[in-house]
Each structure stands twice: as structure tokens, then as C-alpha cells.
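Text of model23.txt, listed as compact mmCIF, all heavy atoms:
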```txt
# COMPACT_ATOMS: atom_id res chain seq x y z
N SER W 75 31.54 -15.83 -14.91
CA SER W 75 30.38 -14.97 -14.72
C SER W 75 29.17 -15.79 -14.29
O SER W 75 28.48 -15.42 -13.34
CB SER W 75 30.09 -14.21 -16.01
OG SER W 75 28.90 -13.48 -15.88
N LEU W 76 28.91 -16.88 -15.00
CA LEU W 76 27.77 -17.72 -14.67
C LEU W 76 27.93 -18.32 -13.28
O LEU W 76 26.99 -18.34 -12.49
CB LEU W 76 27.59 -18.83 -15.72
CG LEU W 76 26.43 -19.78 -15.51
CD1 LEU W 76 25.11 -19.04 -15.51
CD2 LEU W 76 26.45 -20.87 -16.57
N GLY W 77 29.14 -18.79 -12.98
CA GLY W 77 29.40 -19.36 -11.66
C GLY W 77 29.21 -18.34 -10.56
O GLY W 77 28.65 -18.65 -9.49
N THR W 78 29.65 -17.12 -10.78
CA THR W 78 29.49 -16.05 -9.79
C THR W 78 28.02 -15.75 -9.57
O THR W 78 27.57 -15.58 -8.42
CB THR W 78 30.23 -14.78 -10.25
OG1 THR W 78 31.60 -15.11 -10.47
CG2 THR W 78 30.13 -13.69 -9.21
N ASN W 79 27.25 -15.68 -10.64
CA ASN W 79 25.82 -15.40 -10.53
C ASN W 79 25.09 -16.52 -9.79
O ASN W 79 24.21 -16.26 -8.97
CB ASN W 79 25.20 -15.18 -11.91
CG ASN W 79 25.62 -13.88 -12.54
OD1 ASN W 79 26.05 -12.96 -11.85
ND2 ASN W 79 25.52 -13.81 -13.85
N LEU W 80 25.46 -17.76 -10.11
CA LEU W 80 24.83 -18.89 -9.42
C LEU W 80 25.18 -18.89 -7.94
O LEU W 80 24.33 -19.16 -7.09
CB LEU W 80 25.25 -20.20 -10.07
CG LEU W 80 24.67 -20.48 -11.45
CD1 LEU W 80 25.29 -21.74 -12.05
CD2 LEU W 80 23.17 -20.60 -11.39
N GLN W 81 26.42 -18.59 -7.62
CA GLN W 81 26.82 -18.55 -6.22
C GLN W 81 26.08 -17.43 -5.48
O GLN W 81 25.68 -17.60 -4.34
CB GLN W 81 28.33 -18.36 -6.08
CG GLN W 81 28.83 -18.48 -4.66
CD GLN W 81 28.52 -19.84 -4.05
OE1 GLN W 81 28.72 -20.88 -4.67
NE2 GLN W 81 28.00 -19.82 -2.83
N ALA W 82 25.92 -16.29 -6.12
CA ALA W 82 25.19 -15.18 -5.51
C ALA W 82 23.73 -15.56 -5.26
O ALA W 82 23.17 -15.22 -4.21
CB ALA W 82 25.27 -13.94 -6.39
N THR W 83 23.14 -16.30 -6.18
CA THR W 83 21.76 -16.76 -6.00
C THR W 83 21.67 -17.73 -4.84
O THR W 83 20.76 -17.64 -4.01
CB THR W 83 21.25 -17.42 -7.30
OG1 THR W 83 21.32 -16.46 -8.35
CG2 THR W 83 19.83 -17.90 -7.14
N VAL W 84 22.59 -18.68 -4.77
CA VAL W 84 22.61 -19.65 -3.67
C VAL W 84 22.79 -18.93 -2.34
O VAL W 84 22.09 -19.22 -1.37
CB VAL W 84 23.71 -20.71 -3.89
CG1 VAL W 84 23.93 -21.55 -2.64
CG2 VAL W 84 23.36 -21.59 -5.07
N ASN W 85 23.68 -17.97 -2.29
CA ASN W 85 23.92 -17.22 -1.06
C ASN W 85 22.67 -16.45 -0.63
O ASN W 85 22.34 -16.39 0.55
CB ASN W 85 25.10 -16.26 -1.23
CG ASN W 85 26.41 -16.98 -1.33
OD1 ASN W 85 26.52 -18.15 -0.97
ND2 ASN W 85 27.42 -16.31 -1.86
N SER W 86 21.96 -15.87 -1.58
CA SER W 86 20.76 -15.11 -1.24
C SER W 86 19.66 -16.03 -0.73
O SER W 86 18.87 -15.65 0.14
CB SER W 86 20.27 -14.29 -2.42
OG SER W 86 19.76 -15.12 -3.43
N LEU W 87 19.60 -17.25 -1.24
CA LEU W 87 18.61 -18.21 -0.76
C LEU W 87 18.96 -18.73 0.64
O LEU W 87 18.06 -19.05 1.43
CB LEU W 87 18.49 -19.38 -1.73
CG LEU W 87 17.86 -19.06 -3.09
CD1 LEU W 87 17.96 -20.26 -4.02
CD2 LEU W 87 16.42 -18.64 -2.92
N GLN W 88 20.23 -18.81 0.94
CA GLN W 88 20.65 -19.32 2.24
C GLN W 88 20.56 -18.25 3.33
O GLN W 88 20.44 -18.57 4.50
CB GLN W 88 22.08 -19.85 2.16
CG GLN W 88 22.17 -21.13 1.35
CD GLN W 88 23.60 -21.61 1.18
OE1 GLN W 88 24.55 -20.86 1.36
NE2 GLN W 88 23.75 -22.89 0.81
N ALA W 89 20.61 -16.99 2.95
CA ALA W 89 20.59 -15.89 3.92
C ALA W 89 19.19 -15.27 3.98
O ALA W 89 19.01 -14.08 3.78
CB ALA W 89 21.63 -14.85 3.54
N VAL W 90 18.20 -16.09 4.26
CA VAL W 90 16.81 -15.63 4.28
C VAL W 90 16.53 -14.94 5.62
O VAL W 90 16.91 -15.43 6.68
CB VAL W 90 15.86 -16.83 4.09
CG1 VAL W 90 14.42 -16.42 4.28
CG2 VAL W 90 16.05 -17.44 2.72
N ASP W 91 15.86 -13.80 5.55
CA ASP W 91 15.43 -13.08 6.75
C ASP W 91 14.06 -13.62 7.16
O ASP W 91 13.02 -13.22 6.63
CB ASP W 91 15.36 -11.57 6.47
CG ASP W 91 15.01 -10.76 7.70
OD1 ASP W 91 14.81 -11.36 8.78
OD2 ASP W 91 14.93 -9.53 7.57
N GLN W 92 14.07 -14.55 8.10
CA GLN W 92 12.83 -15.24 8.48
C GLN W 92 11.81 -14.29 9.11
O GLN W 92 10.61 -14.43 8.88
CB GLN W 92 13.15 -16.37 9.45
CG GLN W 92 13.90 -17.51 8.79
CD GLN W 92 14.17 -18.65 9.75
OE1 GLN W 92 13.95 -18.55 10.96
NE2 GLN W 92 14.66 -19.75 9.21
N THR W 93 12.27 -13.32 9.86
CA THR W 93 11.35 -12.37 10.49
C THR W 93 10.62 -11.55 9.44
O THR W 93 9.39 -11.37 9.52
CB THR W 93 12.12 -11.44 11.45
OG1 THR W 93 12.83 -12.25 12.39
CG2 THR W 93 11.18 -10.51 12.18
N ALA W 94 11.33 -11.07 8.45
CA ALA W 94 10.71 -10.27 7.39
C ALA W 94 9.75 -11.13 6.57
O ALA W 94 8.66 -10.66 6.22
CB ALA W 94 11.78 -9.67 6.49
N LEU W 95 10.13 -12.37 6.28
CA LEU W 95 9.25 -13.24 5.52
C LEU W 95 7.99 -13.59 6.32
O LEU W 95 6.90 -13.67 5.76
CB LEU W 95 9.99 -14.52 5.12
CG LEU W 95 11.04 -14.36 4.03
CD1 LEU W 95 11.75 -15.69 3.78
CD2 LEU W 95 10.42 -13.83 2.75
N GLN W 96 8.13 -13.79 7.63
CA GLN W 96 6.97 -14.07 8.47
C GLN W 96 6.02 -12.88 8.49
O GLN W 96 4.80 -13.05 8.41
CB GLN W 96 7.41 -14.42 9.89
CG GLN W 96 6.29 -14.87 10.79
CD GLN W 96 5.69 -16.19 10.36
OE1 GLN W 96 6.38 -17.05 9.82
NE2 GLN W 96 4.40 -16.36 10.58
N ALA W 97 6.55 -11.68 8.58
CA ALA W 97 5.72 -10.47 8.57
C ALA W 97 5.02 -10.32 7.23
O ALA W 97 3.83 -9.97 7.18
CB ALA W 97 6.57 -9.24 8.87
N GLN W 98 5.73 -10.60 6.15
CA GLN W 98 5.12 -10.52 4.82
C GLN W 98 4.02 -11.56 4.65
O GLN W 98 2.96 -11.27 4.10
CB GLN W 98 6.18 -10.69 3.74
CG GLN W 98 5.64 -10.53 2.34
CD GLN W 98 6.71 -10.76 1.27
OE1 GLN W 98 7.74 -11.36 1.54
NE2 GLN W 98 6.45 -10.29 0.08
N LEU W 99 4.26 -12.76 5.15
CA LEU W 99 3.25 -13.81 5.08
C LEU W 99 2.00 -13.42 5.85
O LEU W 99 0.88 -13.62 5.38
CB LEU W 99 3.82 -15.13 5.61
CG LEU W 99 2.88 -16.32 5.62
CD1 LEU W 99 2.41 -16.65 4.21
CD2 LEU W 99 3.55 -17.52 6.27
N GLN W 100 2.18 -12.85 7.04
CA GLN W 100 1.03 -12.42 7.83
C GLN W 100 0.25 -11.32 7.11
O GLN W 100 -0.98 -11.35 7.08
CB GLN W 100 1.50 -11.91 9.20
CG GLN W 100 0.36 -11.53 10.13
CD GLN W 100 -0.54 -12.71 10.45
OE1 GLN W 100 -0.05 -13.80 10.75
NE2 GLN W 100 -1.84 -12.52 10.38
N GLN W 101 0.95 -10.40 6.50
CA GLN W 101 0.30 -9.33 5.75
C GLN W 101 -0.49 -9.89 4.56
O GLN W 101 -1.63 -9.48 4.32
CB GLN W 101 1.34 -8.33 5.26
CG GLN W 101 0.75 -7.17 4.49
CD GLN W 101 1.83 -6.23 3.95
OE1 GLN W 101 3.01 -6.58 3.92
NE2 GLN W 101 1.43 -5.07 3.52
N LEU W 102 0.09 -10.84 3.86
CA LEU W 102 -0.60 -11.45 2.72
C LEU W 102 -1.82 -12.26 3.18
O LEU W 102 -2.86 -12.25 2.51
CB LEU W 102 0.36 -12.32 1.93
CG LEU W 102 1.46 -11.57 1.18
CD1 LEU W 102 2.48 -12.55 0.61
CD2 LEU W 102 0.88 -10.70 0.08
N ASN W 103 -1.71 -12.95 4.31
CA ASN W 103 -2.85 -13.68 4.84
C ASN W 103 -3.97 -12.74 5.23
O ASN W 103 -5.15 -13.03 5.00
CB ASN W 103 -2.43 -14.53 6.05
CG ASN W 103 -1.73 -15.81 5.64
OD1 ASN W 103 -1.94 -16.32 4.56
ND2 ASN W 103 -0.88 -16.31 6.53
N ASN W 104 -3.63 -11.61 5.84
CA ASN W 104 -4.63 -10.62 6.20
C ASN W 104 -5.32 -10.07 4.95
O ASN W 104 -6.55 -9.92 4.94
CB ASN W 104 -4.01 -9.47 7.00
CG ASN W 104 -3.56 -9.90 8.37
OD1 ASN W 104 -3.98 -10.93 8.88
ND2 ASN W 104 -2.69 -9.12 8.97
N GLN W 105 -4.55 -9.77 3.92
CA GLN W 105 -5.13 -9.25 2.68
C GLN W 105 -6.04 -10.29 2.04
O GLN W 105 -7.09 -9.96 1.52
CB GLN W 105 -4.02 -8.84 1.71
CG GLN W 105 -4.55 -8.20 0.44
CD GLN W 105 -5.31 -6.92 0.71
OE1 GLN W 105 -4.83 -6.05 1.40
NE2 GLN W 105 -6.52 -6.82 0.16
N GLN W 106 -5.65 -11.55 2.10
CA GLN W 106 -6.47 -12.60 1.53
C GLN W 106 -7.80 -12.69 2.27
O GLN W 106 -8.85 -12.87 1.65
CB GLN W 106 -5.74 -13.94 1.59
CG GLN W 106 -6.50 -15.07 0.92
CD GLN W 106 -5.75 -16.38 0.99
OE1 GLN W 106 -5.15 -16.70 2.01
NE2 GLN W 106 -5.78 -17.13 -0.08
N SER W 107 -7.78 -12.57 3.57
CA SER W 107 -9.01 -12.61 4.35
C SER W 107 -9.94 -11.46 3.97
O SER W 107 -11.15 -11.64 3.82
CB SER W 107 -8.70 -12.55 5.85
OG SER W 107 -8.00 -13.69 6.25
N VAL W 108 -9.37 -10.27 3.81
CA VAL W 108 -10.16 -9.11 3.40
C VAL W 108 -10.74 -9.35 2.01
O VAL W 108 -11.92 -9.06 1.76
CB VAL W 108 -9.31 -7.82 3.44
CG1 VAL W 108 -10.03 -6.67 2.78
CG2 VAL W 108 -8.94 -7.48 4.87
N ASP W 109 -9.94 -9.89 1.11
CA ASP W 109 -10.40 -10.15 -0.26
C ASP W 109 -11.57 -11.14 -0.27
O ASP W 109 -12.56 -10.94 -0.97
CB ASP W 109 -9.27 -10.66 -1.13
CG ASP W 109 -8.21 -9.59 -1.41
OD1 ASP W 109 -8.48 -8.40 -1.17
OD2 ASP W 109 -7.11 -9.97 -1.86
N TYR W 110 -11.46 -12.22 0.51
CA TYR W 110 -12.55 -13.19 0.58
C TYR W 110 -13.81 -12.55 1.13
O TYR W 110 -14.91 -12.82 0.67
CB TYR W 110 -12.15 -14.40 1.43
CG TYR W 110 -11.32 -15.43 0.68
CD1 TYR W 110 -10.13 -15.88 1.21
CD2 TYR W 110 -11.74 -15.94 -0.54
CE1 TYR W 110 -9.36 -16.82 0.53
CE2 TYR W 110 -10.99 -16.88 -1.22
CZ TYR W 110 -9.81 -17.32 -0.68
OH TYR W 110 -9.06 -18.24 -1.35
N TYR W 111 -13.66 -11.71 2.13
CA TYR W 111 -14.82 -11.03 2.72
C TYR W 111 -15.49 -10.14 1.67
O TYR W 111 -16.72 -10.13 1.54
CB TYR W 111 -14.39 -10.21 3.94
CG TYR W 111 -15.50 -9.35 4.49
CD1 TYR W 111 -16.51 -9.92 5.25
CD2 TYR W 111 -15.55 -7.99 4.24
CE1 TYR W 111 -17.54 -9.16 5.75
CE2 TYR W 111 -16.58 -7.21 4.73
CZ TYR W 111 -17.57 -7.80 5.48
OH TYR W 111 -18.59 -7.03 5.97
N LEU W 112 -14.69 -9.38 0.92
CA LEU W 112 -15.25 -8.48 -0.10
C LEU W 112 -15.95 -9.27 -1.20
O LEU W 112 -17.03 -8.88 -1.66
CB LEU W 112 -14.16 -7.59 -0.68
CG LEU W 112 -13.57 -6.55 0.28
CD1 LEU W 112 -12.41 -5.83 -0.38
CD2 LEU W 112 -14.64 -5.57 0.72
N VAL W 113 -15.37 -10.38 -1.63
CA VAL W 113 -16.00 -11.20 -2.65
C VAL W 113 -17.32 -11.76 -2.13
O VAL W 113 -18.33 -11.78 -2.85
CB VAL W 113 -15.06 -12.34 -3.12
CG1 VAL W 113 -15.80 -13.36 -3.95
CG2 VAL W 113 -13.91 -11.75 -3.90
N SER W 114 -17.34 -12.16 -0.89
CA SER W 114 -18.58 -12.66 -0.29
C SER W 114 -19.65 -11.58 -0.27
O SER W 114 -20.82 -11.84 -0.58
CB SER W 114 -18.29 -13.14 1.14
OG SER W 114 -19.49 -13.49 1.79
N GLN W 115 -19.27 -10.37 0.09
CA GLN W 115 -20.22 -9.25 0.10
C GLN W 115 -20.73 -8.96 -1.31
O GLN W 115 -21.92 -8.67 -1.49
CB GLN W 115 -19.58 -8.01 0.70
CG GLN W 115 -19.25 -8.15 2.18
CD GLN W 115 -20.49 -8.40 3.02
OE1 GLN W 115 -21.49 -7.72 2.89
NE2 GLN W 115 -20.41 -9.41 3.86
N MET W 116 -19.85 -9.00 -2.29
CA MET W 116 -20.27 -8.75 -3.67
C MET W 116 -21.22 -9.84 -4.16
O MET W 116 -22.19 -9.55 -4.88
CB MET W 116 -19.06 -8.63 -4.59
CG MET W 116 -18.27 -7.36 -4.36
SD MET W 116 -16.95 -7.05 -5.56
CE MET W 116 -15.96 -8.52 -5.45
N ASN W 117 -20.97 -11.09 -3.79
CA ASN W 117 -21.86 -12.18 -4.18
C ASN W 117 -23.23 -11.99 -3.57
O ASN W 117 -24.25 -12.21 -4.23
CB ASN W 117 -21.28 -13.53 -3.77
CG ASN W 117 -20.17 -13.99 -4.67
OD1 ASN W 117 -20.06 -13.55 -5.80
ND2 ASN W 117 -19.34 -14.89 -4.17
N THR W 118 -23.28 -11.57 -2.32
CA THR W 118 -24.55 -11.34 -1.65
C THR W 118 -25.32 -10.21 -2.34
O THR W 118 -26.53 -10.31 -2.58
CB THR W 118 -24.33 -10.99 -0.17
OG1 THR W 118 -23.61 -12.08 0.45
CG2 THR W 118 -25.63 -10.79 0.56
N ALA W 119 -24.63 -9.15 -2.67
CA ALA W 119 -25.27 -8.02 -3.36
C ALA W 119 -25.75 -8.43 -4.74
O ALA W 119 -26.84 -8.04 -5.17
CB ALA W 119 -24.30 -6.85 -3.44
N ALA W 120 -24.96 -9.21 -5.45
CA ALA W 120 -25.35 -9.66 -6.79
C ALA W 120 -26.59 -10.55 -6.72
O ALA W 120 -27.48 -10.45 -7.56
CB ALA W 120 -24.19 -10.40 -7.45
N GLN W 121 -26.67 -11.40 -5.71
CA GLN W 121 -27.84 -12.25 -5.55
C GLN W 121 -29.08 -11.42 -5.28
O GLN W 121 -30.17 -11.71 -5.78
CB GLN W 121 -27.62 -13.27 -4.43
CG GLN W 121 -26.65 -14.37 -4.79
CD GLN W 121 -26.33 -15.27 -3.61
OE1 GLN W 121 -26.77 -15.04 -2.49
NE2 GLN W 121 -25.56 -16.32 -3.87
N ALA W 122 -28.93 -10.36 -4.49
CA ALA W 122 -30.07 -9.49 -4.20
C ALA W 122 -30.56 -8.79 -5.46
O ALA W 122 -31.77 -8.66 -5.69
CB ALA W 122 -29.66 -8.46 -3.15
N VAL W 123 -29.64 -8.36 -6.32
CA VAL W 123 -30.03 -7.70 -7.57
C VAL W 123 -30.70 -8.70 -8.50
O VAL W 123 -31.70 -8.38 -9.17
CB VAL W 123 -28.80 -7.06 -8.24
CG1 VAL W 123 -29.13 -6.57 -9.64
CG2 VAL W 123 -28.28 -5.90 -7.39
N LEU W 124 -30.19 -9.93 -8.55
CA LEU W 124 -30.79 -10.93 -9.42
C LEU W 124 -32.21 -11.26 -9.03
O LEU W 124 -33.05 -11.56 -9.89
CB LEU W 124 -29.93 -12.20 -9.43
CG LEU W 124 -28.64 -12.14 -10.23
CD1 LEU W 124 -27.85 -13.44 -10.04
CD2 LEU W 124 -28.93 -11.93 -11.70
N THR W 125 -32.53 -11.21 -7.76
CA THR W 125 -33.90 -11.49 -7.34
C THR W 125 -34.87 -10.44 -7.86
O THR W 125 -36.06 -10.73 -8.02
CB THR W 125 -34.00 -11.58 -5.80
OG1 THR W 125 -33.59 -10.35 -5.22
CG2 THR W 125 -33.18 -12.72 -5.25
N LEU W 126 -34.38 -9.24 -8.14
CA LEU W 126 -35.26 -8.20 -8.69
C LEU W 126 -35.70 -8.54 -10.10
O LEU W 126 -36.77 -8.11 -10.55
CB LEU W 126 -34.54 -6.84 -8.69
CG LEU W 126 -34.17 -6.27 -7.33
CD1 LEU W 126 -33.33 -5.01 -7.51
CD2 LEU W 126 -35.42 -6.00 -6.50
N PHE W 127 -34.90 -9.30 -10.83
CA PHE W 127 -35.20 -9.61 -12.21
C PHE W 127 -35.93 -10.93 -12.37
O PHE W 127 -36.28 -11.32 -13.49
CB PHE W 127 -33.91 -9.64 -13.04
CG PHE W 127 -33.26 -8.29 -13.17
CD1 PHE W 127 -32.11 -7.98 -12.43
CD2 PHE W 127 -33.80 -7.32 -13.99
CE1 PHE W 127 -31.51 -6.74 -12.54
CE2 PHE W 127 -33.21 -6.07 -14.09
CZ PHE W 127 -32.07 -5.77 -13.36
N ARG W 128 -36.18 -11.61 -11.31
CA ARG W 128 -36.87 -12.91 -11.41
C ARG W 128 -38.35 -12.74 -11.25
O ARG W 128 -38.94 -11.89 -10.82
CB ARG W 128 -36.35 -13.89 -10.36
CG ARG W 128 -34.94 -14.30 -10.67
CD ARG W 128 -34.47 -15.34 -9.71
NE ARG W 128 -33.07 -15.63 -10.01
CZ ARG W 128 -32.28 -16.29 -9.21
NH1 ARG W 128 -32.72 -16.75 -8.08
NH2 ARG W 128 -31.04 -16.52 -9.56
```
In C-alpha cells, what does this structure look like?
Amino acid sequence: SLGTNLQATVNSLQAVDQTALQAQLQQLNNQQSVDYYLVSQMNTAAQAVLTLFR
């Protein structure tokens, strides 16, 4: 059982769909860019609010 499971894991690692992984990587990179942009906008807004209290 253990040997079969290990072989199945090795087979799944060797049979990687590079096109699907590349598309997923691109999607994650795009999401990361959007996230950084949103954090930057929130930091700018927070700085503007802080100036009101100074």
C-alpha cells in the first residue's frame, strides 16, 4: 500500500501539465500585482487620514 501510494505520488510529479501551471502562475502574478496596488492605495489613504490628526 505504501509503495503504491509513493509510486502514485512520483508519477503525479513527473506528469506535470506545464501549460496549466504556467497559466496558474500568470494568474497568481496578476493577483499579486493587484494586491500590491491596493495596499499602496490603502497606505496613501491612511497617511492622508493621519495628517488630519496631527
| Computed interatomic separation between atom O of W:Ser86 and atom CA of W:Gln100 (Å) |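 Atom CA of W:Gln100 lies 19.7 Å from atom O of W:Ser86.
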What box, with edges along x, y and z, holds each listed atom of stretch 117-123 of chain W when 3 Å is added on every side, and can you state its centre and edge lengths in Å to one decimal, as lines of an AutoDock Vina configuration file?
```
center_x = -25.6
center_y = -11.1
center_z = -4.5
size_x = 18.4
size_y = 16.4
size_z = 16.2
```
| remark: Students should find that atom CA of W:Ser107 and atom CA of W:Ala120 are spaced 20.0 Å
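Here atom CB of W:Gln105 stands at a distance of 27.4 Å from atom O of W:Asn85.
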